[in-house]
$ cat upload_16.pdb   # PDB, C-alpha atoms
ATOM      1  CA  MET L   1      34.424  54.362  59.469  1.00  0.00           C
ATOM      2  CA  GLY L   2      34.617  55.838  55.971  1.00  0.00           C
ATOM      3  CA  GLY L   3      34.601  52.648  53.889  1.00  0.00           C
ATOM      4  CA  PRO L   4      37.211  49.954  53.263  1.00  0.00           C
ATOM      5  CA  ARG L   5      40.865  50.573  54.106  1.00  0.00           C
ATOM      6  CA  TRP L   6      42.858  48.989  51.306  1.00  0.00           C
ATOM      7  CA  LYS L   7      46.371  47.716  51.910  1.00  0.00           C
ATOM      8  CA  GLY L   8      48.762  49.283  49.457  1.00  0.00           C
ATOM      9  CA  ARG L   9      48.530  50.606  45.947  1.00  0.00           C
ATOM     10  CA  GLY L  10      46.617  48.397  43.531  1.00  0.00           C
ATOM     11  CA  SER L  11      44.819  46.366  46.208  1.00  0.00           C
ATOM     12  CA  LYS L  12      41.393  47.705  45.311  1.00  0.00           C
ATOM     13  CA  ALA L  13      41.917  47.073  41.595  1.00  0.00           C
ATOM     14  CA  LYS L  14      43.079  43.521  42.293  1.00  0.00           C
ATOM     15  CA  ALA L  15      40.031  42.852  44.467  1.00  0.00           C
ATOM     16  CA  LEU L  16      37.683  44.153  41.764  1.00  0.00           C
ATOM     17  CA  ALA L  17      39.432  42.013  39.151  1.00  0.00           C
ATOM     18  CA  GLU L  18      39.112  38.869  41.291  1.00  0.00           C
ATOM     19  CA  PRO L  19      35.668  38.887  42.981  1.00  0.00           C
ATOM     20  CA  MET L  20      35.481  36.628  46.024  1.00  0.00           C
ATOM     21  CA  SER L  21      32.371  34.967  44.562  1.00  0.00           C
ATOM     22  CA  ASN L  22      34.443  33.744  41.597  1.00  0.00           C
ATOM     23  CA  THR L  23      37.167  32.379  43.865  1.00  0.00           C
ATOM     24  CA  VAL L  24      34.651  30.492  46.029  1.00  0.00           C
ATOM     25  CA  SER L  25      33.056  29.074  42.875  1.00  0.00           C
ATOM     26  CA  GLU L  26      36.465  27.840  41.666  1.00  0.00           C
ATOM     27  CA  LEU L  27      37.104  26.302  45.072  1.00  0.00           C
ATOM     28  CA  CYS L  28      33.791  24.436  45.036  1.00  0.00           C
ATOM     29  CA  SER L  29      34.430  22.970  41.590  1.00  0.00           C
ATOM     30  CA  SER L  30      37.919  21.850  42.567  1.00  0.00           C
ATOM     31  CA  LEU L  31      36.832  20.261  45.867  1.00  0.00           C
ATOM     32  CA  ILE L  32      33.953  18.409  44.191  1.00  0.00           C
ATOM     33  CA  GLN L  33      36.261  17.159  41.457  1.00  0.00           C
ATOM     34  CA  CYS L  34      38.731  15.668  43.939  1.00  0.00           C
ATOM     35  CA  ASP L  35      35.962  14.310  46.211  1.00  0.00           C
ATOM     36  CA  ALA L  36      37.368  16.211  49.203  1.00  0.00           C
ATOM     37  CA  ARG L  37      36.652  14.739  52.631  1.00  0.00           C
ATOM     38  CA  GLY L  38      36.984  16.321  56.029  1.00  0.00           C
ATOM     39  CA  LEU L  39      37.679  14.434  59.233  1.00  0.00           C
ATOM     40  CA  LEU L  40      35.921  15.468  62.437  1.00  0.00           C
ATOM     41  CA  SER L  41      38.469  16.320  65.103  1.00  0.00           C
ATOM     42  CA  GLY L  42      36.925  17.741  68.275  1.00  0.00           C
ATOM     43  CA  SER L  43      35.838  21.325  67.624  1.00  0.00           C
ATOM     44  CA  SER L  44      37.315  21.468  64.140  1.00  0.00           C
ATOM     45  CA  VAL L  45      37.471  19.550  60.871  1.00  0.00           C
ATOM     46  CA  LEU L  46      40.697  18.452  59.173  1.00  0.00           C
ATOM     47  CA  LEU L  47      40.558  18.563  55.390  1.00  0.00           C
ATOM     48  CA  ALA L  48      43.183  16.780  53.268  1.00  0.00           C
ATOM     49  CA  VAL L  49      43.760  18.567  49.946  1.00  0.00           C
ATOM     50  CA  GLU L  50      46.150  18.785  47.012  1.00  0.00           C
ATOM     51  CA  SER L  51      48.222  21.834  46.043  1.00  0.00           C
ATOM     52  CA  GLU L  52      45.472  23.283  43.800  1.00  0.00           C
ATOM     53  CA  GLN L  53      42.870  23.202  46.572  1.00  0.00           C
ATOM     54  CA  THR L  54      45.427  24.595  49.039  1.00  0.00           C
ATOM     55  CA  LYS L  55      45.828  27.710  46.912  1.00  0.00           C
ATOM     56  CA  LEU L  56      42.069  28.105  46.455  1.00  0.00           C
ATOM     57  CA  LEU L  57      41.291  27.606  50.158  1.00  0.00           C
ATOM     58  CA  THR L  58      43.868  30.277  50.955  1.00  0.00           C
ATOM     59  CA  ARG L  59      42.470  32.676  48.351  1.00  0.00           C
ATOM     60  CA  ALA L  60      38.894  32.078  49.529  1.00  0.00           C
ATOM     61  CA  CYS L  61      39.937  32.367  53.214  1.00  0.00           C
ATOM     62  CA  PHE L  62      38.631  29.067  54.546  1.00  0.00           C
ATOM     63  CA  GLY L  63      40.498  27.474  57.432  1.00  0.00           C
ATOM     64  CA  ARG L  64      44.221  27.563  58.029  1.00  0.00           C
ATOM     65  CA  PRO L  65      47.017  25.245  56.862  1.00  0.00           C
ATOM     66  CA  VAL L  66      48.413  22.696  59.281  1.00  0.00           C
ATOM     67  CA  ILE L  67      52.134  22.009  59.021  1.00  0.00           C
ATOM     68  CA  THR L  68      52.930  18.279  58.819  1.00  0.00           C
ATOM     69  CA  ALA L  69      55.849  16.088  57.726  1.00  0.00           C
ATOM     70  CA  ASP L  70      53.807  14.754  54.792  1.00  0.00           C
ATOM     71  CA  LYS L  71      54.848  16.808  51.764  1.00  0.00           C
ATOM     72  CA  ASP L  72      52.414  15.096  49.411  1.00  0.00           C
ATOM     73  CA  LYS L  73      49.308  16.098  51.345  1.00  0.00           C
ATOM     74  CA  GLN L  74      48.309  19.464  52.759  1.00  0.00           C
ATOM     75  CA  TRP L  75      45.936  19.552  55.706  1.00  0.00           C
ATOM     76  CA  PHE L  76      43.628  22.455  56.446  1.00  0.00           C
ATOM     77  CA  GLN L  77      41.959  22.967  59.792  1.00  0.00           C
ATOM     78  CA  LEU L  78      38.421  24.297  59.406  1.00  0.00           C
ATOM     79  CA  GLY L  79      36.283  25.828  62.125  1.00  0.00           C
ATOM     80  CA  LEU L  80      32.859  24.273  62.707  1.00  0.00           C
ATOM     81  CA  GLU L  81      31.023  27.058  60.857  1.00  0.00           C
ATOM     82  CA  GLU L  82      33.450  26.932  57.923  1.00  0.00           C
ATOM     83  CA  ALA L  83      33.236  23.161  57.589  1.00  0.00           C
ATOM     84  CA  PHE L  84      29.442  23.077  57.783  1.00  0.00           C
ATOM     85  CA  TYR L  85      29.182  25.901  55.238  1.00  0.00           C
ATOM     86  CA  LEU L  86      31.332  24.013  52.727  1.00  0.00           C
ATOM     87  CA  CYS L  87      29.408  20.799  53.365  1.00  0.00           C
ATOM     88  CA  PHE L  88      25.807  21.981  53.820  1.00  0.00           C
ATOM     89  CA  ASN L  89      25.549  25.223  51.859  1.00  0.00           C
ATOM     90  CA  LEU L  90      28.093  24.750  49.093  1.00  0.00           C
ATOM     91  CA  LYS L  91      27.957  20.927  49.072  1.00  0.00           C
ATOM     92  CA  CYS L  92      31.562  20.655  47.932  1.00  0.00           C
ATOM     93  CA  ILE L  93      33.022  18.456  50.682  1.00  0.00           C
ATOM     94  CA  LYS L  94      31.942  15.385  52.624  1.00  0.00           C
ATOM     95  CA  ILE L  95      32.674  14.994  56.316  1.00  0.00           C
ATOM     96  CA  VAL L  96      33.420  11.696  58.023  1.00  0.00           C
ATOM     97  CA  GLY L  97      33.777  10.557  61.636  1.00  0.00           C
ATOM     98  CA  ASP L  98      36.365   8.368  63.360  1.00  0.00           C
ATOM     99  CA  ASN L  99      35.015   5.235  61.672  1.00  0.00           C
ATOM    100  CA  ASN L 100      35.443   6.888  58.242  1.00  0.00           C
ATOM    101  CA  CYS L 101      31.674   6.818  57.709  1.00  0.00           C
ATOM    102  CA  HIS L 102      30.092   9.749  55.944  1.00  0.00           C
ATOM    103  CA  LYS L 103      27.857  11.868  58.194  1.00  0.00           C
ATOM    104  CA  ASN L 104      24.629  13.146  56.681  1.00  0.00           C
ATOM    105  CA  ASP L 105      23.484  16.725  57.277  1.00  0.00           C
ATOM    106  CA  ARG L 106      21.367  15.887  60.326  1.00  0.00           C
ATOM    107  CA  ALA L 107      24.058  13.781  62.038  1.00  0.00           C
ATOM    108  CA  LEU L 108      26.674  16.440  61.319  1.00  0.00           C
ATOM    109  CA  TRP L 109      24.365  19.138  62.687  1.00  0.00           C
ATOM    110  CA  GLN L 110      23.935  17.227  65.939  1.00  0.00           C
ATOM    111  CA  TYR L 111      27.697  16.775  66.203  1.00  0.00           C
ATOM    112  CA  MET L 112      28.276  20.511  65.767  1.00  0.00           C
ATOM    113  CA  ILE L 113      25.728  21.392  68.458  1.00  0.00           C
ATOM    114  CA  SER L 114      27.236  18.851  70.857  1.00  0.00           C
ATOM    115  CA  HIS L 115      30.595  20.629  70.536  1.00  0.00           C
ATOM    116  CA  LYS L 116      29.248  24.186  70.445  1.00  0.00           C
ATOM    117  CA  GLU L 117      25.944  24.869  72.158  1.00  0.00           C
ATOM    118  CA  ASN L 118      25.254  28.133  70.331  1.00  0.00           C
ATOM    119  CA  PHE L 119      26.307  26.719  66.951  1.00  0.00           C
ATOM    120  CA  PRO L 120      22.881  27.305  65.251  1.00  0.00           C
ATOM    121  CA  ASP L 121      23.027  31.056  65.933  1.00  0.00           C
ATOM    122  CA  PHE L 122      26.702  31.389  65.055  1.00  0.00           C
ATOM    123  CA  TYR L 123      26.290  29.360  61.896  1.00  0.00           C
ATOM    124  CA  LYS L 124      23.279  31.367  60.729  1.00  0.00           C
ATOM    125  CA  ALA L 125      25.256  34.585  61.221  1.00  0.00           C
ATOM    126  CA  TYR L 126      28.352  33.154  59.518  1.00  0.00           C
ATOM    127  CA  ALA L 127      26.389  31.897  56.501  1.00  0.00           C
ATOM    128  CA  HIS L 128      24.469  35.192  56.329  1.00  0.00           C
ATOM    129  CA  LEU L 129      27.723  37.108  55.787  1.00  0.00           C
ATOM    130  CA  ARG L 130      29.432  34.520  53.596  1.00  0.00           C
ATOM    131  CA  MET L 131      26.474  34.362  51.223  1.00  0.00           C
ATOM    132  CA  LYS L 132      26.913  38.110  50.741  1.00  0.00           C
ATOM    133  CA  ASN L 133      30.556  37.424  49.766  1.00  0.00           C
ATOM    134  CA  TRP L 134      32.081  38.817  52.948  1.00  0.00           C
ATOM    135  CA  VAL L 135      35.188  37.038  54.197  1.00  0.00           C
ATOM    136  CA  VAL L 136      34.494  35.930  57.777  1.00  0.00           C
ATOM    137  CA  ARG L 137      37.276  35.124  60.214  1.00  0.00           C
ATOM    138  CA  PRO L 138      37.427  34.479  63.999  1.00  0.00           C
ATOM    139  CA  GLY L 139      37.277  37.656  66.069  1.00  0.00           C
ATOM    140  CA  SER L 140      38.429  36.547  69.518  1.00  0.00           C
ATOM    141  CA  GLN L 141      41.521  38.767  69.360  1.00  0.00           C
ATOM    142  CA  TYR L 142      39.175  41.776  69.253  1.00  0.00           C
ATOM    143  CA  GLY L 143      36.740  40.471  71.863  1.00  0.00           C
ATOM    144  CA  VAL L 144      34.022  39.701  69.284  1.00  0.00           C
ATOM    145  CA  ASP L 145      32.718  36.587  67.535  1.00  0.00           C
ATOM    146  CA  PHE L 146      33.847  37.307  63.972  1.00  0.00           C
ATOM    147  CA  VAL L 147      35.543  39.964  61.895  1.00  0.00           C
ATOM    148  CA  ALA L 148      34.322  40.642  58.363  1.00  0.00           C
ATOM    149  CA  TYR L 149      36.469  41.647  55.399  1.00  0.00           C
ATOM    150  CA  ARG L 150      35.297  43.065  52.084  1.00  0.00           C
ATOM    151  CA  HIS L 151      37.880  40.879  50.323  1.00  0.00           C
ATOM    152  CA  HIS L 152      41.032  38.905  51.141  1.00  0.00           C
ATOM    153  CA  PRO L 153      42.790  40.089  54.345  1.00  0.00           C
ATOM    154  CA  SER L 154      46.012  40.580  52.369  1.00  0.00           C
ATOM    155  CA  LEU L 155      44.270  43.301  50.340  1.00  0.00           C
ATOM    156  CA  VAL L 156      42.031  45.067  52.841  1.00  0.00           C
ATOM    157  CA  HIS L 157      41.659  45.565  56.581  1.00  0.00           C
ATOM    158  CA  SER L 158      38.617  44.040  58.280  1.00  0.00           C
ATOM    159  CA  GLU L 159      35.703  46.452  58.218  1.00  0.00           C
ATOM    160  CA  TYR L 160      33.354  45.029  60.837  1.00  0.00           C
ATOM    161  CA  ALA L 161      33.718  43.497  64.278  1.00  0.00           C
ATOM    162  CA  VAL L 162      30.763  41.125  64.516  1.00  0.00           C
ATOM    163  CA  LEU L 163      28.793  40.111  67.589  1.00  0.00           C
ATOM    164  CA  VAL L 164      26.173  37.380  67.283  1.00  0.00           C
ATOM    165  CA  LEU L 165      23.167  37.747  69.565  1.00  0.00           C
ATOM    166  CA  SER L 166      20.477  35.117  69.951  1.00  0.00           C
ATOM    167  CA  GLU L 167      17.114  35.033  71.681  1.00  0.00           C
ATOM    168  CA  ASP L 168      18.897  33.660  74.744  1.00  0.00           C
ATOM    169  CA  ASP L 169      20.906  36.891  75.064  1.00  0.00           C
ATOM    170  CA  ALA L 170      17.731  38.669  76.174  1.00  0.00           C
ATOM    171  CA  ASN L 171      17.967  37.014  79.585  1.00  0.00           C
ATOM    172  CA  ALA L 172      20.033  38.150  82.530  1.00  0.00           C
ATOM    173  CA  ASN L 173      23.087  36.204  81.404  1.00  0.00           C
ATOM    174  CA  GLY L 174      23.087  37.609  77.885  1.00  0.00           C
ATOM    175  CA  ARG L 175      25.615  39.928  76.292  1.00  0.00           C
ATOM    176  CA  LEU L 176      25.162  43.656  75.643  1.00  0.00           C
ATOM    177  CA  ARG L 177      22.278  43.769  78.105  1.00  0.00           C
ATOM    178  CA  VAL L 178      23.505  46.974  79.795  1.00  0.00           C
ATOM    179  CA  TRP L 179      24.939  50.196  78.390  1.00  0.00           C
ATOM    180  CA  SER L 180      28.402  49.566  79.858  1.00  0.00           C
ATOM    181  CA  ASP L 181      28.687  46.392  77.721  1.00  0.00           C
ATOM    182  CA  PHE L 182      27.950  48.416  74.594  1.00  0.00           C
ATOM    183  CA  TYR L 183      30.313  51.185  75.590  1.00  0.00           C
ATOM    184  CA  CYS L 184      33.287  48.898  76.246  1.00  0.00           C
ATOM    185  CA  THR L 185      32.762  46.981  73.010  1.00  0.00           C
ATOM    186  CA  ILE L 186      32.352  50.132  70.917  1.00  0.00           C
ATOM    187  CA  ARG L 187      35.458  51.682  72.459  1.00  0.00           C
ATOM    188  CA  LEU L 188      37.456  48.559  71.589  1.00  0.00           C
ATOM    189  CA  CYS L 189      36.144  48.534  68.013  1.00  0.00           C
ATOM    190  CA  GLY L 190      36.959  52.206  67.617  1.00  0.00           C
ATOM    191  CA  SER L 191      40.526  51.677  68.808  1.00  0.00           C
ATOM    192  CA  VAL L 192      41.112  49.148  66.009  1.00  0.00           C
ATOM    193  CA  ALA L 193      39.183  51.143  63.364  1.00  0.00           C
ATOM    194  CA  LYS L 194      36.260  48.746  63.008  1.00  0.00           C
ATOM    195  CA  THR L 195      32.509  49.244  63.053  1.00  0.00           C
ATOM    196  CA  LEU L 196      30.571  47.078  65.481  1.00  0.00           C
ATOM    197  CA  LEU L 197      28.057  44.957  63.591  1.00  0.00           C
ATOM    198  CA  VAL L 198      25.472  43.204  65.752  1.00  0.00           C
ATOM    199  CA  LEU L 199      23.696  40.280  64.103  1.00  0.00           C
ATOM    200  CA  SER L 200      20.576  39.281  66.034  1.00  0.00           C
ATOM    201  CA  VAL L 201      19.371  35.796  65.144  1.00  0.00           C
ATOM    202  CA  ASP L 202      15.650  35.122  65.553  1.00  0.00           C
ATOM    203  CA  LYS L 203      14.575  31.476  65.389  1.00  0.00           C
ATOM    204  CA  ASN L 204      10.939  32.568  64.844  1.00  0.00           C
ATOM    205  CA  GLY L 205       9.589  29.832  67.068  1.00  0.00           C
ATOM    206  CA  HIS L 206      11.616  27.029  65.460  1.00  0.00           C
ATOM    207  CA  GLY L 207      14.058  24.878  67.358  1.00  0.00           C
ATOM    208  CA  ALA L 208      17.415  23.530  66.285  1.00  0.00           C
ATOM    209  CA  ILE L 209      16.627  19.862  65.756  1.00  0.00           C
ATOM    210  CA  SER L 210      17.941  19.762  62.185  1.00  0.00           C
ATOM    211  CA  PRO L 211      19.618  22.137  59.713  1.00  0.00           C
ATOM    212  CA  SER L 212      16.317  22.516  57.843  1.00  0.00           C
ATOM    213  CA  CYS L 213      15.304  24.879  60.672  1.00  0.00           C
ATOM    214  CA  LEU L 214      17.814  27.404  59.351  1.00  0.00           C
ATOM    215  CA  GLU L 215      15.412  28.376  56.566  1.00  0.00           C
ATOM    216  CA  SER L 216      13.023  29.754  59.201  1.00  0.00           C
ATOM    217  CA  TYR L 217      15.686  31.753  61.042  1.00  0.00           C
ATOM    218  CA  SER L 218      16.073  35.450  60.318  1.00  0.00           C
ATOM    219  CA  VAL L 219      18.973  37.830  60.907  1.00  0.00           C
ATOM    220  CA  GLU L 220      18.681  41.493  61.840  1.00  0.00           C
ATOM    221  CA  GLU L 221      21.733  43.665  61.133  1.00  0.00           C
ATOM    222  CA  ARG L 222      22.584  46.675  63.297  1.00  0.00           C
ATOM    223  CA  THR L 223      25.736  48.774  63.252  1.00  0.00           C
ATOM    224  CA  VAL L 224      26.630  50.586  66.465  1.00  0.00           C
ATOM    225  CA  THR L 225      29.018  53.544  66.621  1.00  0.00           C
ATOM    226  CA  ARG L 226      30.090  56.077  69.235  1.00  0.00           C
ATOM    227  CA  TRP L 227      28.404  59.458  69.273  1.00  0.00           C
ATOM    228  CA  SER L 228      31.065  62.057  68.496  1.00  0.00           C
ATOM    229  CA  LEU L 229      30.849  65.527  70.010  1.00  0.00           C
ATOM    230  CA  GLU L 230      33.088  66.907  67.269  1.00  0.00           C
ATOM    231  CA  GLN L 231      30.935  65.500  64.480  1.00  0.00           C
ATOM    232  CA  ASN L 232      27.685  66.785  65.976  1.00  0.00           C
ATOM    233  CA  ARG L 233      28.591  70.322  67.051  1.00  0.00           C
ATOM    234  CA  GLU L 234      26.162  73.106  66.168  1.00  0.00           C
ATOM    235  CA  ASP L 235      28.589  75.119  64.027  1.00  0.00           C
ATOM    236  CA  GLN L 236      29.421  72.190  61.709  1.00  0.00           C
ATOM    237  CA  PRO L 237      28.327  72.788  58.072  1.00  0.00           C
ATOM    238  CA  MET L 238      25.013  71.057  57.384  1.00  0.00           C
ATOM    239  CA  ASN L 239      26.251  69.089  54.387  1.00  0.00           C
ATOM    240  CA  GLU L 240      29.249  67.808  56.354  1.00  0.00           C
ATOM    241  CA  LYS L 241      27.050  66.899  59.326  1.00  0.00           C
ATOM    242  CA  ARG L 242      24.629  64.969  57.104  1.00  0.00           C
ATOM    243  CA  GLU L 243      27.481  62.983  55.580  1.00  0.00           C
ATOM    244  CA  GLN L 244      28.881  62.056  58.981  1.00  0.00           C
ATOM    245  CA  VAL L 245      25.516  60.860  60.286  1.00  0.00           C
ATOM    246  CA  SER L 246      24.931  58.620  57.275  1.00  0.00           C
ATOM    247  CA  LEU L 247      28.046  56.555  57.898  1.00  0.00           C
TER     248      LEU L 247
END
$ encode --input "upload_16.pdb" --output "structure tokens"
Amino acid sequence: MGGPRWKGRGSKAKALAEPMSNTVSELCSSLIQCDARGLLSGSSVLLAVESEQTKLLTRACFGRPVITADKDKQWFQLGLEEAFYLCFNLKCIKIVGDNNCHKNDRALWQYMISHKENFPDFYKAYAHLRMKNWVVRPGSQYGVDFVAYRHHPSLVHSEYAVLVLSEDDANANGRLRVWSDFYCTIRLCGSVAKTLLVLSVDKNGHGAISPSCLESYSVEERTVTRWSLEQNREDQPMNEKREQVSL
């Protein structure tokens, strides 16, 4: 797709001056300092924060603000992957249930799976991208699982439309099992100027009993693009053709 598409003059310079890794580090320190706690609420987690954490959550692209009548407290709604990443990977928030009791990693893991059967695969893929400092947001509006940004969405357009495939997708009910599935998805990605990134999660013989299993999981990255007749014609200069193929 030719690299990131920055939004407006100065966006690239601003992104380079404020690396996402630094912002996430600031967020972690602030959440730990205020002993932030999230409340399980169905298939999401509600996090009560102060104004400082609100700004950092917005800058780091975690969750979305929830409008309430309480002006003293700001609530953020986190997706299951986001909440577990902040709790398990970054260890900067605690998560409690209805009885206000803190849930340990194993109990929280079981809760997540009970509300989202394919949570282990989705979480592994989400954490895989986040740990590489990609901003990961829901991708349902594009017919995919996630979209990945090089930096904050206010500065750059999303670069990848992400599909998460697990071992279960190899069976007859799996996704992208026939060429027509690939073709439709690639056409959609092309129409919104995104590259299709397929993340295949391999559990390597381990189950999903506890989050410790994640260490044994592996992720294979594959980008899929449409073959272009114009870019592969015989009379195209060799150096231009080589550049196009490498994208």
$ resolve_selection --input "upload_16.pdb" --expression "the PyMOL selection byres ((chain L and resi 124) around 12)" --output "PyMOL selection string"
chain L and resi 81-82+84-85+88-89+118-123+125-131+164-166+199-203+208+211-220
$ resolve_selection --input "upload_16.pdb" --expression "the PyMOL selection byres ((chain L and resi 147) around 8)" --output "ChimeraX atom specification"
/L:136-139,144-146,148-149,158-162
$ axis_aligned_box --input "upload_16.pdb" --around "range 143-146 of chain L" --padding-each-side "5 Å" --output "AutoDock Vina command-line options"
--center_x 34.7 --center_y 38.5 --center_z 67.9 --size_x 14.0 --size_y 13.9 --size_z 17.9
$ residues_around --input "upload_16.pdb" --residues "Gly10 in chain L" --least-positions-apart "6" --cutoff "12 Å" --atoms "all atoms listed in the file" --output "number ranges by chain"
L: 16-17, 154-156
$ atom_distance --input "upload_16.pdb" --atom1 "CA of Glu167 in chain L" --atom2 "CA of Leu188 in chain L"
24.4 Å
$ atom_distance --input "upload_16.pdb" --atom1 "CA of Arg150 in chain L" --atom2 "CA of Phe62 in chain L"
14.6 Å
$ atom_distance --input "upload_16.pdb" --atom1 "CA of Met20 in chain L" --atom2 "CA of Asn133 in chain L"
6.2 Å
$ resolve_selection --input "upload_16.pdb" --expression "the PyMOL selection byres ((chain L and resi 21) around 12)" --output "list in words"
Ala15, Leu16, Ala17, Glu18, Pro19, Met20, Asn22, Thr23, Val24, Ser25, Glu26, Leu27, Cys28, Arg59, Ala60, Cys61, Leu90, Arg130, Met131, Lys132, Asn133, Trp134, Val135, Arg150, His151 and His152 of chain L
$ decode --input "upload_16.pdb" --residues "range 73-80 of chain L" --atoms "all heavy atoms" --output "PDB file, in the first residue's frame"
ATOM      1  N   LYS L  73     -15.878  11.908  37.914  1.00  0.00           N
ATOM      2  CA  LYS L  73     -15.280  10.649  37.481  1.00  0.00           C
ATOM      3  C   LYS L  73     -15.512  10.435  35.989  1.00  0.00           C
ATOM      4  O   LYS L  73     -16.580  10.736  35.485  1.00  0.00           O
ATOM      5  CB  LYS L  73     -15.875   9.460  38.247  1.00  0.00           C
ATOM      6  CG  LYS L  73     -15.276   9.240  39.628  1.00  0.00           C
ATOM      7  CD  LYS L  73     -13.943   8.516  39.539  1.00  0.00           C
ATOM      8  CE  LYS L  73     -13.439   8.160  40.941  1.00  0.00           C
ATOM      9  NZ  LYS L  73     -12.115   7.522  40.887  1.00  0.00           N
ATOM     10  N   GLN L  74     -14.486   9.968  35.303  1.00  0.00           N
ATOM     11  CA  GLN L  74     -14.637   9.593  33.903  1.00  0.00           C
ATOM     12  C   GLN L  74     -14.566   8.079  33.791  1.00  0.00           C
ATOM     13  O   GLN L  74     -13.669   7.454  34.356  1.00  0.00           O
ATOM     14  CB  GLN L  74     -13.519  10.230  33.063  1.00  0.00           C
ATOM     15  CG  GLN L  74     -13.500   9.788  31.617  1.00  0.00           C
ATOM     16  CD  GLN L  74     -14.705  10.305  30.830  1.00  0.00           C
ATOM     17  OE1 GLN L  74     -14.848  11.492  30.615  1.00  0.00           O
ATOM     18  NE2 GLN L  74     -15.571   9.393  30.398  1.00  0.00           N
ATOM     19  N   TRP L  75     -15.503   7.505  33.082  1.00  0.00           N
ATOM     20  CA  TRP L  75     -15.512   6.056  32.880  1.00  0.00           C
ATOM     21  C   TRP L  75     -15.058   5.725  31.473  1.00  0.00           C
ATOM     22  O   TRP L  75     -15.436   6.399  30.513  1.00  0.00           O
ATOM     23  CB  TRP L  75     -16.919   5.484  33.108  1.00  0.00           C
ATOM     24  CG  TRP L  75     -17.343   5.514  34.538  1.00  0.00           C
ATOM     25  CD1 TRP L  75     -17.971   6.534  35.181  1.00  0.00           C
ATOM     26  CD2 TRP L  75     -17.153   4.483  35.507  1.00  0.00           C
ATOM     27  NE1 TRP L  75     -18.194   6.198  36.491  1.00  0.00           N
ATOM     28  CE2 TRP L  75     -17.707   4.946  36.726  1.00  0.00           C
ATOM     29  CE3 TRP L  75     -16.591   3.213  35.467  1.00  0.00           C
ATOM     30  CZ2 TRP L  75     -17.705   4.179  37.886  1.00  0.00           C
ATOM     31  CZ3 TRP L  75     -16.584   2.445  36.627  1.00  0.00           C
ATOM     32  CH2 TRP L  75     -17.139   2.922  37.817  1.00  0.00           C
ATOM     33  N   PHE L  76     -14.225   4.702  31.366  1.00  0.00           N
ATOM     34  CA  PHE L  76     -13.790   4.206  30.067  1.00  0.00           C
ATOM     35  C   PHE L  76     -14.266   2.771  29.910  1.00  0.00           C
ATOM     36  O   PHE L  76     -14.160   1.973  30.847  1.00  0.00           O
ATOM     37  CB  PHE L  76     -12.262   4.254  29.950  1.00  0.00           C
ATOM     38  CG  PHE L  76     -11.754   5.456  29.210  1.00  0.00           C
ATOM     39  CD1 PHE L  76     -11.796   6.711  29.791  1.00  0.00           C
ATOM     40  CD2 PHE L  76     -11.245   5.343  27.921  1.00  0.00           C
ATOM     41  CE1 PHE L  76     -11.339   7.825  29.114  1.00  0.00           C
ATOM     42  CE2 PHE L  76     -10.794   6.443  27.236  1.00  0.00           C
ATOM     43  CZ  PHE L  76     -10.829   7.697  27.825  1.00  0.00           C
ATOM     44  N   GLN L  77     -14.792   2.471  28.754  1.00  0.00           N
ATOM     45  CA  GLN L  77     -15.214   1.104  28.457  1.00  0.00           C
ATOM     46  C   GLN L  77     -14.106   0.415  27.665  1.00  0.00           C
ATOM     47  O   GLN L  77     -13.743   0.859  26.572  1.00  0.00           O
ATOM     48  CB  GLN L  77     -16.512   1.093  27.660  1.00  0.00           C
ATOM     49  CG  GLN L  77     -17.055  -0.314  27.407  1.00  0.00           C
ATOM     50  CD  GLN L  77     -18.361  -0.292  26.645  1.00  0.00           C
ATOM     51  OE1 GLN L  77     -18.550   0.511  25.742  1.00  0.00           O
ATOM     52  NE2 GLN L  77     -19.277  -1.173  27.021  1.00  0.00           N
ATOM     53  N   LEU L  78     -13.575  -0.654  28.233  1.00  0.00           N
ATOM     54  CA  LEU L  78     -12.494  -1.408  27.601  1.00  0.00           C
ATOM     55  C   LEU L  78     -13.028  -2.708  27.024  1.00  0.00           C
ATOM     56  O   LEU L  78     -13.875  -3.361  27.630  1.00  0.00           O
ATOM     57  CB  LEU L  78     -11.402  -1.736  28.617  1.00  0.00           C
ATOM     58  CG  LEU L  78     -10.733  -0.563  29.352  1.00  0.00           C
ATOM     59  CD1 LEU L  78      -9.850  -1.096  30.479  1.00  0.00           C
ATOM     60  CD2 LEU L  78      -9.912   0.290  28.395  1.00  0.00           C
ATOM     61  N   GLY L  79     -12.525  -3.091  25.852  1.00  0.00           N
ATOM     62  CA  GLY L  79     -12.833  -4.399  25.311  1.00  0.00           C
ATOM     63  C   GLY L  79     -12.116  -5.461  26.121  1.00  0.00           C
ATOM     64  O   GLY L  79     -11.201  -5.159  26.907  1.00  0.00           O
ATOM     65  N   LEU L  80     -12.500  -6.719  25.961  1.00  0.00           N
ATOM     66  CA  LEU L  80     -11.899  -7.792  26.757  1.00  0.00           C
ATOM     67  C   LEU L  80     -10.390  -7.889  26.535  1.00  0.00           C
ATOM     68  O   LEU L  80      -9.625  -8.053  27.494  1.00  0.00           O
ATOM     69  CB  LEU L  80     -12.568  -9.130  26.419  1.00  0.00           C
ATOM     70  CG  LEU L  80     -14.063  -9.242  26.749  1.00  0.00           C
ATOM     71  CD1 LEU L  80     -14.577 -10.635  26.407  1.00  0.00           C
ATOM     72  CD2 LEU L  80     -14.324  -8.927  28.234  1.00  0.00           C
TER      73      LEU L  80
END
